[in-house]
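The structure file protein_39.txt is reproduced below (compact mmCIF, C-alpha atoms).
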# COMPACT_ATOMS: atom_id res chain seq x y z
CA MET R 1 64.62 -225.28 -80.83
CA LYS R 2 66.65 -227.80 -78.86
CA LEU R 3 66.59 -231.58 -79.40
CA ILE R 4 66.78 -234.23 -76.70
CA VAL R 5 67.60 -237.77 -77.83
CA ALA R 6 65.80 -240.31 -75.65
CA ASN R 7 68.03 -243.25 -76.50
CA ARG R 8 71.56 -244.60 -76.39
CA GLY R 9 74.16 -246.34 -78.54
CA GLU R 10 74.47 -246.11 -82.29
CA ILE R 11 71.00 -244.70 -82.92
CA ALA R 12 71.59 -241.88 -80.44
CA CYS R 13 74.85 -241.06 -82.23
CA ARG R 14 73.07 -241.24 -85.58
CA VAL R 15 70.38 -238.78 -84.51
CA LEU R 16 72.92 -236.42 -82.95
CA ARG R 17 74.91 -236.34 -86.21
CA ALA R 18 71.76 -235.44 -88.13
CA ALA R 19 70.90 -232.71 -85.64
CA LYS R 20 74.36 -231.20 -85.96
CA CYS R 21 73.91 -231.10 -89.75
CA LEU R 22 70.91 -228.85 -89.13
CA GLY R 23 72.62 -226.74 -86.46
CA LEU R 24 70.25 -227.93 -83.72
CA PRO R 25 71.43 -227.71 -80.11
CA THR R 26 71.33 -231.21 -78.61
CA VAL R 27 70.86 -233.00 -75.30
CA ALA R 28 71.84 -236.60 -74.57
CA VAL R 29 70.52 -238.71 -71.74
CA TYR R 30 72.56 -241.52 -70.25
CA SER R 31 72.52 -244.18 -67.57
CA GLU R 32 75.34 -244.81 -65.12
CA ALA R 33 76.56 -247.62 -67.38
CA ASP R 34 76.87 -245.23 -70.35
CA GLU R 35 78.70 -242.36 -68.68
CA GLY R 36 81.65 -242.58 -71.08
CA ALA R 37 79.66 -243.47 -74.20
CA PRO R 38 80.21 -241.56 -77.48
CA HIS R 39 76.65 -240.21 -77.61
CA VAL R 40 77.24 -238.43 -74.30
CA ALA R 41 80.32 -236.67 -75.65
CA MET R 42 78.66 -235.81 -78.98
CA ALA R 43 75.78 -233.81 -77.48
CA ASP R 44 75.98 -230.19 -76.37
CA GLU R 45 74.52 -231.18 -73.01
CA ALA R 46 74.10 -234.51 -71.23
CA VAL R 47 71.87 -235.53 -68.34
CA LEU R 48 72.29 -238.58 -66.11
CA ILE R 49 68.90 -240.27 -65.79
CA GLY R 50 69.54 -243.24 -63.52
CA PRO R 51 71.14 -246.63 -62.95
CA ALA R 52 72.03 -249.08 -65.69
CA PRO R 53 68.76 -251.08 -65.88
CA ALA R 54 66.62 -249.65 -68.68
CA GLY R 55 63.53 -249.62 -66.47
CA GLN R 56 65.28 -247.16 -64.18
CA SER R 57 66.72 -244.97 -66.92
CA TYR R 58 65.88 -245.14 -70.65
CA LEU R 59 62.35 -246.44 -70.04
CA ASP R 60 61.59 -244.04 -67.19
CA GLN R 61 59.33 -241.40 -68.73
CA ASP R 62 59.47 -239.13 -65.70
CA LYS R 63 63.27 -238.93 -65.87
CA ILE R 64 63.28 -238.32 -69.62
CA MET R 65 60.73 -235.52 -69.36
CA ASP R 66 62.50 -234.02 -66.36
CA ALA R 67 65.72 -233.91 -68.43
CA ALA R 68 63.83 -232.14 -71.22
CA ARG R 69 62.44 -229.55 -68.80
CA ARG R 70 65.77 -228.93 -67.10
CA THR R 71 67.58 -228.34 -70.40
CA GLY R 72 64.79 -226.50 -72.20
CA ALA R 73 64.52 -229.11 -74.94
CA THR R 74 61.49 -228.58 -77.16
CA MET R 75 61.93 -231.58 -79.50
CA LEU R 76 62.48 -235.25 -78.69
CA HIS R 77 63.72 -238.02 -80.95
CA PRO R 78 63.04 -241.49 -79.53
CA GLY R 79 65.27 -243.51 -81.89
CA TYR R 80 64.15 -247.14 -81.99
CA GLY R 81 63.32 -249.47 -79.11
CA PHE R 82 62.73 -248.20 -75.57
CA LEU R 83 59.95 -245.56 -75.83
CA ALA R 84 59.95 -245.14 -79.62
CA GLU R 85 56.57 -246.83 -80.19
CA ASN R 86 54.95 -245.90 -76.89
CA ALA R 87 51.84 -243.88 -77.75
CA GLY R 88 51.37 -242.80 -74.15
CA PHE R 89 54.86 -241.29 -74.11
CA ALA R 90 54.27 -239.51 -77.44
CA ARG R 91 51.03 -238.10 -76.02
CA ARG R 92 52.79 -236.99 -72.86
CA CYS R 93 55.43 -235.16 -74.94
CA ALA R 94 52.64 -233.27 -76.73
CA ASP R 95 50.91 -232.44 -73.44
CA GLU R 96 54.15 -231.05 -72.01
CA GLY R 97 55.02 -228.95 -75.05
CA VAL R 98 57.76 -231.20 -76.47
CA ARG R 99 57.59 -232.06 -80.20
CA PHE R 100 57.82 -235.85 -80.55
CA VAL R 101 59.73 -236.70 -83.74
CA GLY R 102 57.45 -239.30 -85.24
CA PRO R 103 53.81 -239.95 -86.08
CA SER R 104 50.91 -238.84 -83.90
CA PRO R 105 50.01 -240.80 -80.74
CA ASP R 106 46.78 -241.94 -82.43
CA VAL R 107 48.70 -243.45 -85.35
CA ILE R 108 51.20 -245.14 -83.02
CA THR R 109 48.25 -246.61 -81.11
CA ALA R 110 46.47 -247.79 -84.25
CA MET R 111 49.46 -249.38 -85.93
CA GLY R 112 50.92 -250.72 -82.68
CA ASP R 113 47.70 -252.61 -81.99
CA LYS R 114 48.13 -255.49 -84.42
CA GLU R 115 44.40 -256.22 -84.56
CA GLN R 116 43.56 -252.62 -85.42
CA ALA R 117 46.48 -252.42 -87.87
CA ARG R 118 45.20 -255.48 -89.74
CA ARG R 119 41.75 -253.91 -89.94
CA ILE R 120 43.14 -250.66 -91.32
CA ALA R 121 45.24 -252.62 -93.82
CA ILE R 122 42.22 -254.60 -95.03
CA GLU R 123 40.19 -251.41 -95.43
CA ALA R 124 43.05 -249.89 -97.44
CA GLY R 125 43.14 -252.90 -99.77
CA VAL R 126 46.40 -254.30 -98.38
CA PRO R 127 46.59 -258.12 -98.48
CA VAL R 128 46.92 -259.72 -95.03
CA SER R 129 47.71 -263.28 -94.01
CA PRO R 130 45.18 -265.41 -92.10
CA GLY R 131 45.29 -264.42 -88.44
CA THR R 132 43.38 -263.52 -85.31
CA GLY R 133 42.63 -260.51 -83.17
CA LYS R 134 43.95 -260.24 -79.62
CA LEU R 135 43.49 -263.44 -77.69
CA GLY R 136 42.11 -263.58 -74.17
CA LEU R 137 43.24 -266.02 -71.52
CA ASP R 138 40.85 -268.81 -72.53
CA ALA R 139 43.00 -271.71 -73.79
CA ALA R 140 40.08 -273.33 -75.61
CA VAL R 141 39.45 -270.15 -77.62
CA ALA R 142 43.15 -269.93 -78.50
CA MET R 143 43.14 -273.52 -79.74
CA ALA R 144 39.98 -273.01 -81.80
CA GLU R 145 41.47 -269.90 -83.39
CA ALA R 146 44.74 -271.70 -84.09
CA ARG R 147 42.88 -274.47 -85.93
CA ARG R 148 41.04 -271.86 -87.97
CA VAL R 149 44.27 -270.01 -88.91
CA GLY R 150 46.12 -273.27 -89.59
CA PHE R 151 49.49 -274.68 -88.57
CA PRO R 152 52.31 -273.79 -88.75
CA LEU R 153 51.62 -270.41 -87.20
CA LEU R 154 53.34 -267.62 -85.29
CA VAL R 155 52.40 -266.47 -81.82
CA LYS R 156 53.18 -262.73 -81.75
CA ALA R 157 53.02 -259.89 -79.25
CA ALA R 158 50.11 -257.59 -80.10
CA ALA R 159 51.72 -254.49 -78.61
CA GLY R 160 55.22 -254.51 -80.07
CA GLY R 161 57.50 -255.46 -82.93
CA GLY R 162 61.08 -256.45 -83.59
CA GLY R 163 60.35 -260.15 -83.28
CA ILE R 164 60.37 -259.92 -79.48
CA GLY R 165 58.69 -262.96 -77.96
CA MET R 166 57.62 -264.37 -81.33
CA ARG R 167 57.23 -268.15 -81.37
CA LEU R 168 56.82 -270.53 -84.30
CA VAL R 169 54.33 -273.29 -83.52
CA GLY R 170 54.18 -276.36 -85.70
CA ASP R 171 51.35 -278.30 -84.08
CA GLU R 172 48.64 -278.15 -81.42
CA ALA R 173 50.80 -279.70 -78.69
CA ALA R 174 53.20 -276.72 -78.66
CA LEU R 175 50.58 -273.95 -78.71
CA ALA R 176 49.88 -273.42 -75.00
CA ALA R 177 53.54 -273.10 -73.98
CA ALA R 178 54.30 -270.74 -76.88
CA VAL R 179 51.38 -268.48 -75.99
CA GLU R 180 52.44 -268.30 -72.36
CA THR R 181 56.09 -267.57 -73.21
CA THR R 182 55.13 -264.81 -75.64
CA ARG R 183 52.71 -263.29 -73.12
CA SER R 184 55.44 -263.16 -70.50
CA LEU R 185 58.07 -261.63 -72.79
CA ALA R 186 55.60 -259.11 -74.22
CA GLU R 187 54.56 -258.00 -70.75
CA ARG R 188 58.19 -257.35 -69.80
CA ALA R 189 59.13 -255.65 -73.07
CA PHE R 190 56.01 -253.60 -73.80
CA GLY R 191 53.96 -253.60 -70.60
CA ASP R 192 51.19 -255.43 -72.49
CA GLY R 193 50.99 -259.22 -72.60
CA SER R 194 48.37 -259.41 -75.36
CA VAL R 195 49.13 -261.90 -78.13
CA TYR R 196 47.66 -262.89 -81.49
CA LEU R 197 48.17 -265.69 -84.02
CA GLU R 198 49.23 -265.43 -87.63
CA HIS R 199 49.63 -268.12 -90.27
CA PHE R 200 53.28 -268.84 -91.08
CA VAL R 201 54.36 -268.95 -94.72
CA GLN R 202 57.19 -271.45 -95.03
CA ARG R 203 60.25 -270.53 -97.12
CA ALA R 204 59.08 -266.93 -97.34
CA ARG R 205 61.05 -263.71 -97.76
CA HIS R 206 60.78 -260.89 -95.25
CA ILE R 207 60.43 -257.71 -97.29
CA GLU R 208 59.83 -254.24 -95.94
CA VAL R 209 58.99 -250.98 -97.64
CA GLN R 210 60.32 -247.68 -96.33
CA VAL R 211 57.63 -245.01 -96.39
CA PHE R 212 57.56 -241.33 -95.52
CA GLY R 213 54.27 -239.65 -94.78
CA PHE R 214 53.44 -235.96 -94.74
CA GLY R 215 50.63 -236.18 -92.17
CA ASP R 216 47.95 -235.01 -94.62
CA GLY R 217 46.94 -238.29 -96.21
CA LYS R 218 49.84 -238.25 -98.67
CA ALA R 219 52.94 -240.45 -98.56
CA VAL R 220 55.80 -241.77 -100.68
CA HIS R 221 57.96 -244.87 -100.61
CA LEU R 222 61.74 -245.19 -100.71
CA PHE R 223 61.66 -248.69 -102.18
CA ASP R 224 62.25 -251.96 -100.37
CA ARG R 225 64.65 -253.87 -98.15
CA ASP R 226 65.15 -257.61 -97.85
CA CYS R 227 65.53 -258.79 -94.26
CA SER R 228 65.17 -262.52 -94.81
CA VAL R 229 68.48 -263.49 -93.14
CA GLN R 230 67.18 -263.93 -89.60
CA ARG R 231 68.02 -265.95 -86.53
CA ARG R 232 65.20 -266.49 -84.05
CA HIS R 233 63.18 -263.83 -85.88
CA GLN R 234 65.96 -261.26 -85.37
CA LYS R 235 67.47 -259.69 -88.49
CA VAL R 236 71.18 -260.36 -89.11
CA ILE R 237 71.85 -259.13 -92.67
CA GLU R 238 69.70 -256.64 -94.60
CA GLU R 239 69.95 -255.33 -98.13
CA ALA R 240 68.34 -252.85 -100.49
CA SER R 241 66.78 -253.65 -102.76
CA SER R 242 65.52 -257.23 -102.51
CA PRO R 243 67.10 -259.55 -105.09
CA SER R 244 63.95 -261.67 -105.09
CA LEU R 245 61.32 -259.16 -106.25
CA THR R 246 60.30 -258.75 -109.86
CA ASP R 247 59.59 -255.22 -111.04
CA ALA R 248 55.88 -256.02 -111.11
CA ILE R 249 55.80 -257.32 -107.52
CA ARG R 250 57.92 -254.41 -106.30
CA THR R 251 55.51 -251.95 -107.91
CA GLN R 252 52.52 -253.66 -106.28
CA MET R 253 54.14 -253.91 -102.86
CA THR R 254 55.36 -250.32 -102.70
CA ALA R 255 51.96 -249.08 -103.92
CA VAL R 256 50.02 -250.82 -101.16
CA ALA R 257 52.56 -249.68 -98.55
CA VAL R 258 52.00 -246.08 -99.61
CA ARG R 259 48.26 -246.67 -99.56
CA LEU R 260 48.44 -247.89 -95.96
CA ALA R 261 50.59 -244.92 -94.87
CA ALA R 262 48.17 -242.53 -96.55
CA ALA R 263 45.14 -244.25 -95.02
CA CYS R 264 46.38 -243.67 -91.47
CA ARG R 265 47.63 -240.15 -92.31
CA TYR R 266 51.14 -241.20 -91.37
CA GLU R 267 53.74 -238.55 -90.59
CA GLY R 268 57.47 -239.09 -90.96
CA ALA R 269 59.55 -242.20 -91.55
CA GLY R 270 57.91 -245.59 -91.11
CA THR R 271 58.22 -249.13 -92.38
CA VAL R 272 55.57 -251.49 -93.73
CA GLU R 273 56.64 -255.12 -93.41
CA PHE R 274 55.49 -257.97 -95.66
CA MET R 275 55.92 -261.70 -95.93
CA TYR R 276 56.54 -262.65 -99.57
CA ASP R 277 55.88 -266.14 -100.91
CA GLU R 278 58.32 -266.38 -103.79
CA GLN R 279 56.72 -269.54 -105.21
CA SER R 280 53.23 -268.09 -105.56
CA GLY R 281 54.24 -264.47 -106.02
CA ARG R 282 51.83 -263.45 -103.23
CA PHE R 283 52.69 -261.14 -100.35
CA PHE R 284 50.98 -260.39 -97.05
CA PHE R 285 51.08 -257.46 -94.63
CA LEU R 286 52.82 -258.23 -91.33
CA GLU R 287 53.00 -254.97 -89.40
CA MET R 288 53.94 -251.32 -89.57
CA ASN R 289 56.83 -249.97 -87.51
CA THR R 290 56.14 -246.38 -86.52
CA ARG R 291 59.77 -245.38 -86.08
CA ILE R 292 63.15 -245.35 -87.78
CA GLN R 293 64.45 -248.89 -88.39
CA VAL R 294 67.82 -250.35 -87.42
CA GLU R 295 68.42 -251.11 -91.11
CA HIS R 296 67.57 -247.66 -92.46
CA PRO R 297 71.17 -247.01 -93.69
CA VAL R 298 70.80 -249.36 -96.67
CA THR R 299 67.85 -247.29 -97.88
CA GLU R 300 69.77 -244.05 -97.34
CA LEU R 301 72.73 -245.34 -99.35
CA VAL R 302 70.69 -246.42 -102.38
CA THR R 303 68.32 -243.45 -102.47
CA GLY R 304 70.60 -240.66 -101.25
CA VAL R 305 67.89 -239.51 -98.81
CA ASP R 306 68.95 -238.83 -95.21
CA LEU R 307 65.90 -240.19 -93.40
CA VAL R 308 66.83 -238.86 -89.96
CA VAL R 309 67.50 -235.36 -91.27
CA ALA R 310 64.13 -235.57 -93.05
CA GLN R 311 62.45 -236.57 -89.77
CA LEU R 312 63.95 -233.61 -87.96
CA ARG R 313 63.20 -231.11 -90.72
CA GLN R 314 59.59 -232.21 -90.81
CA ALA R 315 59.37 -231.89 -87.01
CA LEU R 316 60.70 -228.35 -87.38
CA GLY R 317 57.73 -227.54 -89.58
CA GLU R 318 59.24 -227.84 -93.06
CA ASP R 319 57.09 -229.09 -95.93
CA LEU R 320 59.09 -231.86 -97.61
CA SER R 321 56.39 -233.04 -100.01
CA ARG R 322 57.96 -231.37 -103.04
CA GLU R 323 61.54 -232.34 -102.21
CA LEU R 324 60.48 -235.92 -101.50
CA ALA R 325 58.07 -236.23 -104.42
CA GLN R 326 57.82 -239.84 -105.60
CA GLU R 327 59.18 -239.13 -109.05
CA ARG R 328 62.36 -237.66 -107.51
CA ILE R 329 63.19 -240.78 -105.48
CA GLY R 330 65.26 -243.38 -107.33
CA ILE R 331 67.56 -246.33 -106.67
CA HIS R 332 71.31 -246.11 -107.23
CA GLY R 333 73.29 -249.32 -106.85
CA HIS R 334 72.90 -251.82 -104.01
CA ALA R 335 73.61 -251.77 -100.25
CA VAL R 336 74.08 -254.54 -97.67
CA GLU R 337 74.21 -254.19 -93.89
CA ALA R 338 75.60 -256.58 -91.27
CA ARG R 339 74.97 -256.28 -87.53
CA ILE R 340 78.02 -257.00 -85.38
CA TYR R 341 77.10 -258.34 -81.95
CA ALA R 342 79.06 -259.05 -78.80
CA GLU R 343 78.10 -262.72 -78.73
CA ARG R 344 79.48 -266.25 -78.89
CA PRO R 345 78.14 -268.00 -82.01
CA ALA R 346 79.76 -271.30 -81.01
CA LYS R 347 77.95 -271.20 -77.66
CA ASN R 348 74.43 -270.73 -78.95
CA PHE R 349 75.03 -267.00 -79.52
CA MET R 350 75.20 -266.18 -75.82
CA PRO R 351 76.02 -262.49 -75.13
CA SER R 352 79.70 -261.71 -74.58
CA PRO R 353 79.96 -258.69 -72.27
CA GLY R 354 83.35 -257.32 -71.33
CA PRO R 355 85.94 -254.67 -72.18
CA LEU R 356 86.61 -253.51 -75.73
CA ASN R 357 90.38 -253.62 -75.34
CA VAL R 358 90.88 -253.14 -79.06
CA MET R 359 88.35 -251.86 -81.60
CA ARG R 360 89.82 -251.03 -85.00
CA LEU R 361 87.42 -250.45 -87.85
CA PRO R 362 87.89 -250.37 -91.62
CA SER R 363 87.30 -247.48 -93.98
CA GLY R 364 87.06 -247.19 -97.73
CA ASP R 365 84.87 -246.45 -100.73
CA GLY R 366 81.21 -247.26 -100.27
CA LEU R 367 81.62 -248.12 -96.60
CA ARG R 368 79.66 -246.78 -93.63
CA ILE R 369 79.88 -247.79 -89.97
CA ASP R 370 77.30 -246.79 -87.36
CA THR R 371 78.32 -247.50 -83.78
CA GLY R 372 77.80 -246.25 -80.26
CA PHE R 373 81.02 -247.75 -78.90
CA ARG R 374 84.68 -246.81 -78.84
CA GLU R 375 87.85 -248.61 -77.88
CA GLY R 376 88.25 -248.95 -74.10
CA MET R 377 84.53 -249.04 -73.34
CA LYS R 378 82.86 -251.95 -71.61
CA VAL R 379 80.00 -253.90 -73.16
CA THR R 380 77.51 -254.39 -70.34
CA PRO R 381 74.81 -257.04 -69.96
CA PHE R 382 72.08 -254.43 -69.49
CA TYR R 383 71.28 -253.67 -73.13
CA ASP R 384 71.09 -255.25 -76.57
CA PRO R 385 74.60 -256.56 -77.43
CA MET R 386 74.78 -254.96 -80.89
CA LEU R 387 78.15 -253.22 -81.22
CA MET R 388 77.76 -251.66 -84.63
CA LYS R 389 76.34 -251.88 -88.13
CA VAL R 390 78.73 -252.16 -91.07
CA ILE R 391 77.09 -251.12 -94.33
CA ALA R 392 78.55 -251.35 -97.83
CA HIS R 393 77.29 -249.72 -101.03
CA GLY R 394 78.25 -250.76 -104.53
CA GLY R 395 77.29 -250.30 -108.13
CA ASP R 396 75.54 -253.66 -107.99
CA ARG R 397 74.79 -256.42 -105.48
CA LYS R 398 77.97 -258.36 -106.22
CA GLN R 399 80.18 -255.35 -105.51
CA ALA R 400 78.28 -254.41 -102.33
CA ILE R 401 78.62 -257.95 -100.94
CA ALA R 402 82.32 -258.08 -101.81
CA ARG R 403 82.97 -254.73 -100.13
CA LEU R 404 81.12 -255.76 -96.97
CA HIS R 405 82.88 -259.13 -96.82
CA ALA R 406 86.27 -257.44 -97.15
CA ALA R 407 85.41 -254.76 -94.61
CA LEU R 408 84.36 -257.33 -92.01
CA GLY R 409 87.70 -259.05 -92.56
CA ASP R 410 89.42 -255.82 -91.51
CA VAL R 411 87.43 -255.45 -88.27
CA LEU R 412 89.67 -256.07 -85.24
CA ILE R 413 87.97 -256.42 -81.87
CA GLU R 414 89.72 -257.83 -78.80
CA GLY R 415 88.51 -258.37 -75.25
CA ILE R 416 85.16 -259.89 -76.17
CA GLU R 417 83.84 -262.39 -78.69
CA THR R 418 81.82 -261.27 -81.71
CA ASN R 419 79.88 -262.74 -84.63
CA VAL R 420 82.14 -261.24 -87.31
CA ALA R 421 83.36 -264.59 -88.69
CA PHE R 422 79.76 -265.84 -88.73
CA LEU R 423 78.69 -262.81 -90.78
CA ARG R 424 81.51 -263.33 -93.29
CA ASN R 425 80.50 -266.96 -93.68
CA ILE R 426 76.93 -265.88 -94.49
CA LEU R 427 78.09 -263.36 -97.09
CA ALA R 428 80.28 -265.99 -98.76
CA HIS R 429 77.67 -268.76 -98.76
CA PRO R 430 76.50 -269.74 -102.26
CA THR R 431 72.83 -269.57 -101.26
CA PHE R 432 73.17 -265.99 -100.02
CA VAL R 433 75.32 -264.96 -102.99
CA ALA R 434 72.64 -266.35 -105.30
CA GLY R 435 69.95 -264.36 -103.47
CA GLN R 436 67.98 -267.49 -102.60
CA VAL R 437 67.62 -267.17 -98.83
CA HIS R 438 64.36 -267.24 -96.89
CA THR R 439 63.39 -266.51 -93.29
CA THR R 440 64.27 -269.99 -92.00
CA TRP R 441 67.38 -270.52 -94.13
CA LEU R 442 69.81 -269.27 -91.49
CA ASN R 443 68.42 -271.59 -88.84
CA ASP R 444 68.63 -274.50 -91.29
CA ALA R 445 72.24 -273.69 -92.27
CA ILE R 446 73.48 -272.64 -88.85
CA LYS R 447 75.85 -275.59 -88.30
CA GLU R 448 77.83 -274.94 -91.47
CA LEU R 449 77.99 -271.20 -90.81
CA VAL R 450 79.23 -271.26 -87.19
Since I need it in another form, could you write the structure as structure tokens?
Amino acid sequence: MKLIVANRGEIACRVLRAAKCLGLPTVAVYSEADEGAPHVAMADEAVLIGPAPAGQSYLDQDKIMDAARRTGATMLHPGYGFLAENAGFARRCADEGVRFVGPSPDVITAMGDKEQARRIAIEAGVPVSPGTGKLGLDAAVAMAEARRVGFPLLVKAAAGGGGIGMRLVGDEAALAAAVETTRSLAERAFGDGSVYLEHFVQRARHIEVQVFGFGDGKAVHLFDRDCSVQRRHQKVIEEASSPSLTDAIRTQMTAVAVRLAAACRYEGAGTVEFMYDEQSGRFFFLEMNTRIQVEHPVTELVTGVDLVVAQLRQALGEDLSRELAQERIGIHGHAVEARIYAERPAKNFMPSPGPLNVMRLPSGDGLRIDTGFREGMKVTPFYDPMLMKVIAHGGDRKQAIARLHAALGDVLIEGIETNVAFLRNILAHPTFVAGQVHTTWLNDAIKELV
């Protein structure tokens, strides 16, 4: 077996490391902008697939599959983003004899279609928030549905996740523009401009449950993550486990997440996302991500389970149901992750492309850094500006936060601007330290943090 990694950056490096642990021969793909990237050097073979724009390289299915054929790759890991949740691509891999590392195309289709995913969740007994199915182009219908759901509400892309294109609408006057903006962004990002509406719970926590399915109607959970520190619906800091959940709520939430994964006969690593209303103690299903998540390292550090290795072993035909039995999965300590971006916080977080003249990173107990960059590389404007993830593990939440805060203080990057100081300010803020954040807290506190 030979593995091709259809991605770039830190997730490509992460998958390649896991493959090497298993002794799998590997193939990297790269665009002209990534010729000197670490993931290219890490792989046994590397194939140039086109110019820098993603549409001409990492999103070009023909070039990816041609690279697989030319190198004899028989497995493909999509990482996250790009083609990771594209059911058509997963189906094409199967048709061309390449094992797609992830759930089946039918499951990707079902859970990627937010209307169908809500229906499956309801049938599985998973609580969902008030919302709609896919909306057509009729503005009057959209307004009627919005009034039924109730303001404030979110306009969301039906075909994708990651907060792309999501818009918060507080009243009727803002609805039409938000729907049109989300349609446009969704069309560019996912090739499908369908949108739907969902009631917005104010001062809520964003909690997700990591699941692993065995493809036979059985699944387990690897506990929860709190991703409530967000800016414009994009996660900034994540931690495992959530400091806001009681044991009773955690038990309920993980149980329904497993029930959903089992109901769709999920295979591999996936994430079930919830909105949690801390005041009422109620939680609602948001969506299921049918891929590995950016924030998966915090789960790995507290459970000791290497999720990417597990993905690959399952794709190789191993039965992991005994090794990953629910009673064998526990929580050890606490982990917190911060995403370092090439951006200018003081200038409305505009991207900051340019050369990484200096990139010196810390090391120490309980510290992990996942990156797809090295000193001397150039950060280009063609891709997401995330430089790396710095993750700290500790015996408890206080120690994990302290380790991450100290580690970020030892990060030295010159040549571009970053959000490192902004991240340290978040970690030191009394509201975050007390575990009392919610999904709009960061936007409310932005002036004192920048």
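In terms of minimum interatomic distance to Asp277 in chain R, R:Val201 ranks closest within R:Val201, R:Ile164, R:Ala189, R:Val229, counting all atoms listed in the file.
Closest approach to Gly354 in chain R from the set R:Ile329, R:Ile416, R:Ala159, R:Val128 is made by R:Ile416, with distances taken over all atoms listed in the file.
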>> List as a ChimeraX atom specification the protein and nucleic acid residues near range 301-307 of chain R, meaning an atom at most 9 Å away when all atoms listed in the file are counted, but skip any in the same chain fewer than 5 places from it.
In response: /R:18,212,222-223,240-241,268-269,292,296,312,324,329-335,366,391-394
For those residues, write C-alpha atoms to a file as a PDB file, in the coordinates of the input.
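Once everything was written out, this is out-v6.pdb:
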ATOM      1  CA  ALA R  18      71.760-235.440 -88.130  1.00  0.00           C
ATOM      2  CA  PHE R 212      57.560-241.330 -95.520  1.00  0.00           C
ATOM      3  CA  LEU R 222      61.740-245.190-100.710  1.00  0.00           C
ATOM      4  CA  PHE R 223      61.660-248.690-102.180  1.00  0.00           C
ATOM      5  CA  ALA R 240      68.340-252.850-100.490  1.00  0.00           C
ATOM      6  CA  SER R 241      66.780-253.650-102.760  1.00  0.00           C
ATOM      7  CA  GLY R 268      57.470-239.090 -90.960  1.00  0.00           C
ATOM      8  CA  ALA R 269      59.550-242.200 -91.550  1.00  0.00           C
ATOM      9  CA  ILE R 292      63.150-245.350 -87.780  1.00  0.00           C
ATOM     10  CA  HIS R 296      67.570-247.660 -92.460  1.00  0.00           C
ATOM     11  CA  LEU R 312      63.950-233.610 -87.960  1.00  0.00           C
ATOM     12  CA  LEU R 324      60.480-235.920-101.500  1.00  0.00           C
ATOM     13  CA  ILE R 329      63.190-240.780-105.480  1.00  0.00           C
ATOM     14  CA  GLY R 330      65.260-243.380-107.330  1.00  0.00           C
ATOM     15  CA  ILE R 331      67.560-246.330-106.670  1.00  0.00           C
ATOM     16  CA  HIS R 332      71.310-246.110-107.230  1.00  0.00           C
ATOM     17  CA  GLY R 333      73.290-249.320-106.850  1.00  0.00           C
ATOM     18  CA  HIS R 334      72.900-251.820-104.010  1.00  0.00           C
ATOM     19  CA  ALA R 335      73.610-251.770-100.250  1.00  0.00           C
ATOM     20  CA  GLY R 366      81.210-247.260-100.270  1.00  0.00           C
ATOM     21  CA  ILE R 391      77.090-251.120 -94.330  1.00  0.00           C
ATOM     22  CA  ALA R 392      78.550-251.350 -97.830  1.00  0.00           C
ATOM     23  CA  HIS R 393      77.290-249.720-101.030  1.00  0.00           C
ATOM     24  CA  GLY R 394      78.250-250.760-104.530  1.00  0.00           C
TER      25      GLY R 394
END
>> Here is a test: counting only C-alpha atoms, which residue of R:Ala176, R:Gly133, R:Arg403, R:Thr246 is nearest to Gln116 in chain R?
In response: R:Gly133
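With distances taken over all atoms listed in the file, R:His221 is the one residue among R:Arg232, R:Arg322, R:His39, R:His221 lying closest to Val272 in chain R.
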> At most 10 Å from (49.5, -262.6, -108.9), file frame, only C-alpha atoms: which residues, as a VMD selection string?
Replying inline: chain R and resid 248 to 249 252 280 to 283
